[in-house]
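Visitor: Below is start03.txt; it holds compact mmCIF, C-alpha atoms and all ligand atoms.
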```txt
# COMPACT_ATOMS: atom_id res chain seq x y z
CA MET W 1 1.73 -10.50 -23.78
CA ALA W 2 4.33 -9.52 -26.39
CA ASP W 3 7.17 -11.99 -26.75
CA ASN W 4 9.18 -10.81 -29.72
CA PRO W 5 11.61 -7.89 -29.51
CA GLU W 6 9.66 -5.66 -31.93
CA GLU W 7 6.39 -6.10 -30.03
CA ILE W 8 8.11 -5.51 -26.70
CA LYS W 9 9.68 -2.34 -28.11
CA GLU W 10 6.29 -1.14 -29.36
CA ASP W 11 4.63 -1.86 -25.99
CA LEU W 12 7.41 -0.01 -24.19
CA ARG W 13 7.13 2.98 -26.52
CA ALA W 14 3.34 3.15 -25.98
CA TYR W 15 3.82 2.99 -22.21
CA LEU W 16 6.43 5.76 -22.25
CA GLU W 17 4.09 7.92 -24.33
CA TYR W 18 1.35 7.30 -21.78
CA LEU W 19 3.66 8.39 -18.94
CA GLN W 20 4.67 11.49 -20.88
CA SER W 21 1.03 12.42 -21.50
CA ALA W 22 0.49 12.07 -17.73
CA GLY W 23 3.23 14.62 -17.15
CA ILE W 24 5.85 12.12 -15.98
CA GLU W 25 9.19 13.25 -17.34
CA ALA W 26 11.67 10.97 -15.61
CA LEU W 27 11.79 7.48 -14.19
CA PRO W 28 13.62 6.28 -11.07
CA ARG W 29 16.87 4.49 -11.62
CA ARG W 30 17.86 1.54 -9.48
CA GLU W 31 21.52 1.89 -8.68
CA HIS W 32 22.06 -1.53 -7.14
CA SER W 33 20.04 -3.69 -9.44
CA GLU W 34 20.27 -5.14 -12.88
CA ASP W 35 16.57 -4.56 -13.15
CA GLU W 36 16.13 -1.01 -14.37
CA GLY W 37 12.76 -1.66 -15.95
CA ILE W 38 9.68 0.48 -15.64
CA SER W 39 7.21 -0.46 -12.96
CA PRO W 40 3.78 -0.51 -14.59
CA PRO W 41 0.78 0.82 -12.66
CA GLN W 42 -0.23 -1.87 -10.21
CA ALA W 43 -3.78 -2.96 -9.71
CA ALA W 44 -4.97 -3.01 -6.10
CA SER W 45 -4.32 -6.42 -4.64
CA PRO W 46 -7.32 -8.23 -3.18
CA ASN W 47 -5.19 -8.62 -0.04
CA VAL W 48 -4.80 -4.89 0.61
CA GLN W 49 -4.94 -4.25 4.36
CA THR W 50 -6.85 -1.34 5.89
CA LEU W 51 -4.95 1.35 7.78
CA GLU W 52 -6.45 -0.01 11.02
CA MET W 53 -5.11 -3.49 10.26
CA ILE W 54 -1.64 -2.13 9.48
CA GLN W 55 -1.59 -0.05 12.67
CA LYS W 56 -2.63 -3.08 14.69
CA GLU W 57 0.17 -5.11 13.11
CA LEU W 58 2.66 -2.43 14.19
CA ALA W 59 1.52 -2.24 17.81
CA GLY W 60 4.55 -2.62 20.10
CA CYS W 61 6.82 -3.08 17.07
CA LYS W 62 10.41 -4.10 17.80
CA ARG W 63 11.44 -4.89 14.25
CA CYS W 64 14.35 -2.45 14.42
CA LYS W 65 16.53 -0.86 17.09
CA LEU W 66 14.63 2.42 17.00
CA HIS W 67 12.05 0.86 19.33
CA ARG W 68 14.53 1.13 22.20
CA SER W 69 14.42 4.90 22.53
CA ARG W 70 11.01 5.83 21.14
CA ARG W 71 8.04 6.95 23.22
CA THR W 72 5.42 6.42 20.55
CA ILE W 73 5.03 4.84 17.14
CA VAL W 74 4.08 7.69 14.82
CA PHE W 75 1.87 5.88 12.36
CA GLY W 76 0.72 8.76 10.15
CA GLU W 77 -2.49 10.73 9.88
CA GLY W 78 -4.88 12.37 7.50
CA ASN W 79 -7.48 11.46 4.94
CA PRO W 80 -7.48 7.64 4.59
CA LYS W 81 -8.43 8.06 0.92
CA ALA W 82 -6.20 11.06 0.16
CA THR W 83 -5.27 11.86 -3.42
CA LEU W 84 -2.04 13.43 -2.18
CA MET W 85 0.42 11.97 0.33
CA PHE W 86 3.39 13.72 1.90
CA ILE W 87 6.14 11.40 3.10
CA GLY W 88 8.90 12.65 5.37
CA GLU W 89 11.86 11.02 7.00
CA GLY W 90 10.95 10.14 10.58
CA PRO W 91 9.51 11.59 13.78
CA GLY W 92 11.39 14.24 15.75
CA TYR W 93 11.05 15.14 19.42
CA ASP W 94 7.61 16.76 19.23
CA GLU W 95 6.25 14.00 17.02
CA ASP W 96 7.58 11.32 19.37
CA VAL W 97 5.91 13.02 22.34
CA GLN W 98 2.58 13.61 20.61
CA GLY W 99 2.47 10.47 18.46
CA ARG W 100 1.61 12.57 15.39
CA PRO W 101 3.68 13.34 12.27
CA PHE W 102 4.93 16.85 11.46
CA VAL W 103 3.70 18.74 14.52
CA GLY W 104 6.92 20.60 15.45
CA ALA W 105 8.34 23.69 13.76
CA ALA W 106 8.91 21.83 10.48
CA GLY W 107 5.40 20.44 10.72
CA GLN W 108 3.93 23.90 11.10
CA LEU W 109 5.76 24.94 7.97
CA LEU W 110 4.45 21.86 6.16
CA THR W 111 0.91 22.82 7.18
CA LYS W 112 1.48 26.27 5.66
CA ILE W 113 2.88 24.68 2.49
CA ILE W 114 -0.23 22.48 2.22
CA GLU W 115 -2.48 25.47 2.77
CA SER W 116 -0.57 27.44 0.13
CA ILE W 117 -2.09 25.14 -2.49
CA LYS W 118 -5.56 25.57 -1.05
CA LEU W 119 -5.77 22.30 0.80
CA ARG W 120 -6.35 21.58 4.45
CA ARG W 121 -3.98 19.32 6.33
CA GLU W 122 -6.86 16.91 6.98
CA GLU W 123 -7.37 16.44 3.24
CA VAL W 124 -3.95 14.90 2.62
CA TYR W 125 -2.18 11.99 4.32
CA ILE W 126 1.12 12.56 6.10
CA ALA W 127 3.54 9.75 6.98
CA ASN W 128 7.24 9.05 7.35
CA ILE W 129 9.77 6.50 6.12
CA VAL W 130 10.36 5.29 9.71
CA LYS W 131 7.73 5.46 12.41
CA CYS W 132 9.98 5.75 15.48
CA ARG W 133 12.23 8.70 16.30
CA PRO W 134 15.93 8.15 15.54
CA PRO W 135 17.95 9.17 18.65
CA GLY W 136 19.12 12.77 18.51
CA ASN W 137 17.21 13.24 15.25
CA ARG W 138 19.92 11.47 13.26
CA ASN W 139 19.03 10.06 9.85
CA PRO W 140 17.43 6.62 9.93
CA GLN W 141 19.96 3.91 9.13
CA PRO W 142 19.55 1.49 6.20
CA ASP W 143 18.54 -1.45 8.41
CA GLU W 144 15.88 0.71 10.10
CA VAL W 145 14.52 1.93 6.78
CA LYS W 146 14.45 -1.64 5.49
CA ALA W 147 12.50 -2.85 8.53
CA CYS W 148 9.91 -0.09 8.47
CA LEU W 149 9.40 0.59 4.76
CA PRO W 150 7.09 -2.39 4.07
CA PHE W 151 4.53 -0.84 6.43
CA LEU W 152 4.65 2.48 4.58
CA PHE W 153 4.17 0.59 1.31
CA LYS W 154 1.09 -1.08 2.80
CA GLN W 155 -0.22 2.32 3.87
CA ILE W 156 0.26 3.66 0.36
CA GLU W 157 -1.61 0.65 -0.99
CA ALA W 158 -4.47 1.16 1.50
CA ILE W 159 -4.78 4.89 0.78
CA GLY W 160 -4.32 4.72 -3.00
CA PRO W 161 -2.98 8.24 -3.59
CA GLN W 162 -2.43 9.55 -7.10
CA ILE W 163 0.38 11.88 -6.10
CA ILE W 164 3.19 11.43 -3.57
CA CYS W 165 5.41 14.29 -2.47
CA ALA W 166 8.65 12.93 -0.98
CA LEU W 167 10.04 15.38 1.57
CA GLY W 168 13.82 15.44 1.71
CA THR W 169 16.73 13.18 0.91
CA VAL W 170 15.89 10.18 3.10
CA SER W 171 12.33 9.95 1.82
CA ALA W 172 13.20 10.41 -1.85
CA GLN W 173 16.12 7.97 -1.68
CA ALA W 174 14.10 5.27 0.11
CA LEU W 175 11.08 5.52 -2.17
CA LEU W 176 13.08 5.70 -5.39
CA ASP W 177 15.77 3.23 -4.31
CA THR W 178 18.53 5.61 -5.27
CA ARG W 179 21.50 7.37 -3.73
CA ALA W 180 20.97 10.55 -5.73
CA THR W 181 20.79 13.77 -3.72
CA ILE W 182 17.57 15.67 -3.14
CA SER W 183 19.01 18.61 -5.09
CA SER W 184 19.32 16.43 -8.19
CA LEU W 185 15.92 14.75 -7.66
CA ARG W 186 13.73 17.70 -6.67
CA GLY W 187 11.39 19.12 -9.23
CA LYS W 188 11.53 15.94 -11.35
CA VAL W 189 8.58 13.61 -11.70
CA PHE W 190 9.02 9.89 -11.07
CA ASP W 191 6.81 6.86 -11.40
CA PHE W 192 6.31 5.05 -8.11
CA ARG W 193 4.19 1.95 -8.76
CA GLY W 194 2.02 3.91 -11.17
CA ILE W 195 1.78 6.94 -8.82
CA ARG W 196 3.32 10.31 -9.71
CA LEU W 197 6.08 11.03 -7.23
CA LEU W 198 7.63 14.47 -6.87
CA PRO W 199 10.58 14.93 -4.48
CA THR W 200 11.05 18.31 -2.85
CA PHE W 201 13.03 19.82 0.01
CA HIS W 202 12.13 18.86 3.59
CA PRO W 203 10.48 21.66 5.62
CA ALA W 204 13.25 21.30 8.25
CA TYR W 205 15.77 22.13 5.51
CA LEU W 206 13.72 25.19 4.58
CA LEU W 207 13.84 26.42 8.18
CA ARG W 208 17.64 26.45 7.90
CA ASN W 209 17.76 27.50 4.23
CA PRO W 210 14.86 29.84 3.44
CA ASP W 211 16.26 30.31 -0.08
CA GLY W 212 14.91 26.84 -0.89
CA LYS W 213 11.31 28.01 -0.48
CA LYS W 214 11.09 29.28 -4.05
CA ALA W 215 11.87 25.80 -5.42
CA VAL W 216 9.33 24.20 -3.09
CA TRP W 217 6.72 26.72 -4.21
CA GLU W 218 7.38 25.69 -7.83
CA ASP W 219 6.88 22.04 -6.83
CA MET W 220 3.66 22.86 -4.98
CA LYS W 221 2.31 24.70 -8.02
CA GLN W 222 2.99 21.57 -10.08
CA ILE W 223 1.09 19.46 -7.55
CA ARG W 224 -1.80 21.93 -7.52
CA ALA W 225 -1.99 21.74 -11.33
CA TRP W 226 -2.18 17.93 -11.19
CA LEU W 227 -4.87 18.11 -8.52
CA ASN W 228 -6.86 20.49 -10.68
CA GLU W 229 -6.72 17.91 -13.49
CA LEU W 230 -7.72 15.05 -11.19
CA LEU W 231 -10.40 16.58 -8.96
FE1 LIG O 301 9.06 -0.96 14.06
FE2 LIG O 301 9.32 0.96 12.21
FE3 LIG O 301 9.57 1.56 14.81
FE4 LIG O 301 11.46 0.14 13.58
S1 LIG O 301 10.89 2.27 13.12
S2 LIG O 301 10.57 -0.31 15.60
S3 LIG O 301 10.26 -1.10 12.15
S4 LIG O 301 7.70 0.84 13.77
```
Could I get this structure in the form of structure tokens?
Ligand code: SF4

Guide:
Amino acid sequence: MADNPEEIKEDLRAYLEYLQSAGIEALPRREHSEDEGISPPQAASPNVQTLEMIQKELAGCKRCKLHRSRRTIVFGEGNPKATLMFIGEGPGYDEDVQGRPFVGAAGQLLTKIIESIKLRREEVYIANIVKCRPPGNRNPQPDEVKACLPFLFKQIEAIGPQIICALGTVSAQALLDTRATISSLRGKVFDFRGIRLLPTFHPAYLLRNPDGKKAVWEDMKQIRAWLNELL
């Protein structure tokens, strides 16, 4: 490992060139930390849990106050070895009732978005930042995100996607550890633990603001191009 400033600079330059060649144009910035370094791609840990193990660990979870009003824990669903993951904010009414992510009106739009890039819903993995419905569909609060996020990170580790699409402000902010708005983040490519992460608008936002669909279509075309390179 390099230990003099020139070698460190050279290593950093080589790593940035590698990211650029992979199409990554921007890196997440930590707003509350001195540590603004680049997270290098992480090798799979020998202690990676399977999705079944993680789900079992979450059974009856009361790690945050959202357990009080939920009907079901919405774990996530899809291809357990998906190349592409979509990560939303949290379950809504329909998701809470059915125990499945993105099954309401916004979910139907997400399915169409997935199909627009010639994929089937079953081919990707869909999850949320929090797994229990926030009352009245409010945004998850920081303590709730903090309690639930480690389980999403374990899911990401188990699945091993090469691309993550963060849907909406809550998802992008939690994954990138930032307070930047989705409007300023969308369409940019970030490095999340060696995985390309592209934030875009949440389908629920698109239902209220159809003008945003053009931007999401641009993002989906970018994802399709990456998939074409990878598959
Ligand atoms: Fe547990 Fe996550 Fe539900 Fe909170 S949101 S109770 S941490 S599963």

Visitor: Chain W near ligand LIG 301 (chain O) within 10 Å: what's each residue's closest atom pair and its distance in Å to one decimal, counting all atoms listed in the file, ordered by chain then ascending residue number, as JSON lines?

Guide:
```
{"residue": "W:Gln55", "atom": "CA", "partner": "O:LIG301", "partner_atom": "S4", "distance": 9.4}
{"residue": "W:Glu57", "atom": "CA", "partner": "O:LIG301", "partner_atom": "S4", "distance": 9.6}
{"residue": "W:Leu58", "atom": "CA", "partner": "O:LIG301", "partner_atom": "S4", "distance": 6.0}
{"residue": "W:Ala59", "atom": "CA", "partner": "O:LIG301", "partner_atom": "S4", "distance": 8.0}
{"residue": "W:Gly60", "atom": "CA", "partner": "O:LIG301", "partner_atom": "FE1", "distance": 7.7}
{"residue": "W:Cys61", "atom": "CA", "partner": "O:LIG301", "partner_atom": "FE1", "distance": 4.3}
{"residue": "W:Lys62", "atom": "CA", "partner": "O:LIG301", "partner_atom": "S2", "distance": 4.4}
{"residue": "W:Arg63", "atom": "CA", "partner": "O:LIG301", "partner_atom": "S3", "distance": 4.5}
{"residue": "W:Cys64", "atom": "CA", "partner": "O:LIG301", "partner_atom": "FE4", "distance": 4.0}
{"residue": "W:Lys65", "atom": "CA", "partner": "O:LIG301", "partner_atom": "S2", "distance": 6.2}
{"residue": "W:Leu66", "atom": "CA", "partner": "O:LIG301", "partner_atom": "S2", "distance": 5.1}
{"residue": "W:His67", "atom": "CA", "partner": "O:LIG301", "partner_atom": "S2", "distance": 4.2}
{"residue": "W:Arg68", "atom": "CA", "partner": "O:LIG301", "partner_atom": "S2", "distance": 7.8}
{"residue": "W:Ser69", "atom": "CA", "partner": "O:LIG301", "partner_atom": "S2", "distance": 9.5}
{"residue": "W:Arg70", "atom": "CA", "partner": "O:LIG301", "partner_atom": "FE3", "distance": 7.8}
{"residue": "W:Thr72", "atom": "CA", "partner": "O:LIG301", "partner_atom": "FE3", "distance": 8.6}
{"residue": "W:Ile73", "atom": "CA", "partner": "O:LIG301", "partner_atom": "S4", "distance": 5.9}
{"residue": "W:Val74", "atom": "CA", "partner": "O:LIG301", "partner_atom": "S4", "distance": 7.8}
{"residue": "W:Phe75", "atom": "CA", "partner": "O:LIG301", "partner_atom": "S4", "distance": 7.8}
{"residue": "W:Gly90", "atom": "CA", "partner": "O:LIG301", "partner_atom": "S1", "distance": 8.3}
{"residue": "W:Pro91", "atom": "CA", "partner": "O:LIG301", "partner_atom": "S1", "distance": 9.4}
{"residue": "W:Asn128", "atom": "CA", "partner": "O:LIG301", "partner_atom": "S1", "distance": 9.6}
{"residue": "W:Ile129", "atom": "CA", "partner": "O:LIG301", "partner_atom": "FE2", "distance": 8.2}
{"residue": "W:Val130", "atom": "CA", "partner": "O:LIG301", "partner_atom": "S1", "distance": 4.6}
{"residue": "W:Lys131", "atom": "CA", "partner": "O:LIG301", "partner_atom": "S1", "distance": 4.5}
{"residue": "W:Cys132", "atom": "CA", "partner": "O:LIG301", "partner_atom": "FE3", "distance": 4.3}
{"residue": "W:Arg133", "atom": "CA", "partner": "O:LIG301", "partner_atom": "S1", "distance": 7.3}
{"residue": "W:Pro134", "atom": "CA", "partner": "O:LIG301", "partner_atom": "S1", "distance": 8.1}
{"residue": "W:Pro140", "atom": "CA", "partner": "O:LIG301", "partner_atom": "S1", "distance": 8.5}
{"residue": "W:Asp143", "atom": "CA", "partner": "O:LIG301", "partner_atom": "FE4", "distance": 8.9}
{"residue": "W:Glu144", "atom": "CA", "partner": "O:LIG301", "partner_atom": "FE4", "distance": 5.7}
{"residue": "W:Val145", "atom": "CA", "partner": "O:LIG301", "partner_atom": "S1", "distance": 7.3}
{"residue": "W:Lys146", "atom": "CA", "partner": "O:LIG301", "partner_atom": "S3", "distance": 7.9}
{"residue": "W:Ala147", "atom": "CA", "partner": "O:LIG301", "partner_atom": "S3", "distance": 4.6}
{"residue": "W:Cys148", "atom": "CA", "partner": "O:LIG301", "partner_atom": "S3", "distance": 3.8}
{"residue": "W:Leu149", "atom": "CA", "partner": "O:LIG301", "partner_atom": "FE2", "distance": 7.5}
{"residue": "W:Pro150", "atom": "CA", "partner": "O:LIG301", "partner_atom": "S3", "distance": 8.8}
{"residue": "W:Phe151", "atom": "CA", "partner": "O:LIG301", "partner_atom": "FE2", "distance": 7.7}
{"residue": "W:Leu152", "atom": "CA", "partner": "O:LIG301", "partner_atom": "FE2", "distance": 9.1}
```

Visitor: Using the selection just defined, write its residues with C-alpha atoms as a PDB file, keeping the file's coordinate frame.

Guide:
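again20.pdb written:
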```
ATOM      1  CA  GLN W  55      -1.590  -0.050  12.670  1.00  0.00           C
ATOM      2  CA  GLU W  57       0.170  -5.110  13.110  1.00  0.00           C
ATOM      3  CA  LEU W  58       2.660  -2.430  14.190  1.00  0.00           C
ATOM      4  CA  ALA W  59       1.520  -2.240  17.810  1.00  0.00           C
ATOM      5  CA  GLY W  60       4.550  -2.620  20.100  1.00  0.00           C
ATOM      6  CA  CYS W  61       6.820  -3.080  17.070  1.00  0.00           C
ATOM      7  CA  LYS W  62      10.410  -4.100  17.800  1.00  0.00           C
ATOM      8  CA  ARG W  63      11.440  -4.890  14.250  1.00  0.00           C
ATOM      9  CA  CYS W  64      14.350  -2.450  14.420  1.00  0.00           C
ATOM     10  CA  LYS W  65      16.530  -0.860  17.090  1.00  0.00           C
ATOM     11  CA  LEU W  66      14.630   2.420  17.000  1.00  0.00           C
ATOM     12  CA  HIS W  67      12.050   0.860  19.330  1.00  0.00           C
ATOM     13  CA  ARG W  68      14.530   1.130  22.200  1.00  0.00           C
ATOM     14  CA  SER W  69      14.420   4.900  22.530  1.00  0.00           C
ATOM     15  CA  ARG W  70      11.010   5.830  21.140  1.00  0.00           C
ATOM     16  CA  THR W  72       5.420   6.420  20.550  1.00  0.00           C
ATOM     17  CA  ILE W  73       5.030   4.840  17.140  1.00  0.00           C
ATOM     18  CA  VAL W  74       4.080   7.690  14.820  1.00  0.00           C
ATOM     19  CA  PHE W  75       1.870   5.880  12.360  1.00  0.00           C
ATOM     20  CA  GLY W  90      10.950  10.140  10.580  1.00  0.00           C
ATOM     21  CA  PRO W  91       9.510  11.590  13.780  1.00  0.00           C
ATOM     22  CA  ASN W 128       7.240   9.050   7.350  1.00  0.00           C
ATOM     23  CA  ILE W 129       9.770   6.500   6.120  1.00  0.00           C
ATOM     24  CA  VAL W 130      10.360   5.290   9.710  1.00  0.00           C
ATOM     25  CA  LYS W 131       7.730   5.460  12.410  1.00  0.00           C
ATOM     26  CA  CYS W 132       9.980   5.750  15.480  1.00  0.00           C
ATOM     27  CA  ARG W 133      12.230   8.700  16.300  1.00  0.00           C
ATOM     28  CA  PRO W 134      15.930   8.150  15.540  1.00  0.00           C
ATOM     29  CA  PRO W 140      17.430   6.620   9.930  1.00  0.00           C
ATOM     30  CA  ASP W 143      18.540  -1.450   8.410  1.00  0.00           C
ATOM     31  CA  GLU W 144      15.880   0.710  10.100  1.00  0.00           C
ATOM     32  CA  VAL W 145      14.520   1.930   6.780  1.00  0.00           C
ATOM     33  CA  LYS W 146      14.450  -1.640   5.490  1.00  0.00           C
ATOM     34  CA  ALA W 147      12.500  -2.850   8.530  1.00  0.00           C
ATOM     35  CA  CYS W 148       9.910  -0.090   8.470  1.00  0.00           C
ATOM     36  CA  LEU W 149       9.400   0.590   4.760  1.00  0.00           C
ATOM     37  CA  PRO W 150       7.090  -2.390   4.070  1.00  0.00           C
ATOM     38  CA  PHE W 151       4.530  -0.840   6.430  1.00  0.00           C
ATOM     39  CA  LEU W 152       4.650   2.480   4.580  1.00  0.00           C
TER      40      LEU W 152
END
```

Visitor: Name all residues at most 10 Å from stretch 80-87 of chain W (count all atoms listed in the file; drop same-chain ones fewer than 3 positions away) and give them as number ranges by chain.

Guide: W: 50-51, 76-77, 90, 101, 110, 114, 122-130, 152, 155-156, 158-168, 170-172, 175, 196-199, 202, 223, 227, 230-231

Visitor: To one decimal place, how far is atom CA of W:Arg71 from atom CA of W:Asp96 in Å?

Guide: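 Result for atom CA of W:Arg71 versus atom CA of W:Asp96: 5.8 Å, one decimal.
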
Visitor: Would you give the centre and edge lengths, in Å to one decimal, of a box along x, y and z around the listed atoms of stretch 134-152 of chain W, with 3 Å added to each side, as JSON?

Guide:
```
{"center_x": 12.2, "center_y": 5.2, "center_z": 11.4, "size_x": 21.4, "size_y": 22.1, "size_z": 20.6}
```

Visitor: What is the atom CA of W:Gln49-atom CA of W:Glu157 distance in Å, reported with one decimal?

Guide: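 So the two atoms, atom CA of W:Gln49 and atom CA of W:Glu157, lie 8.0 Å apart.
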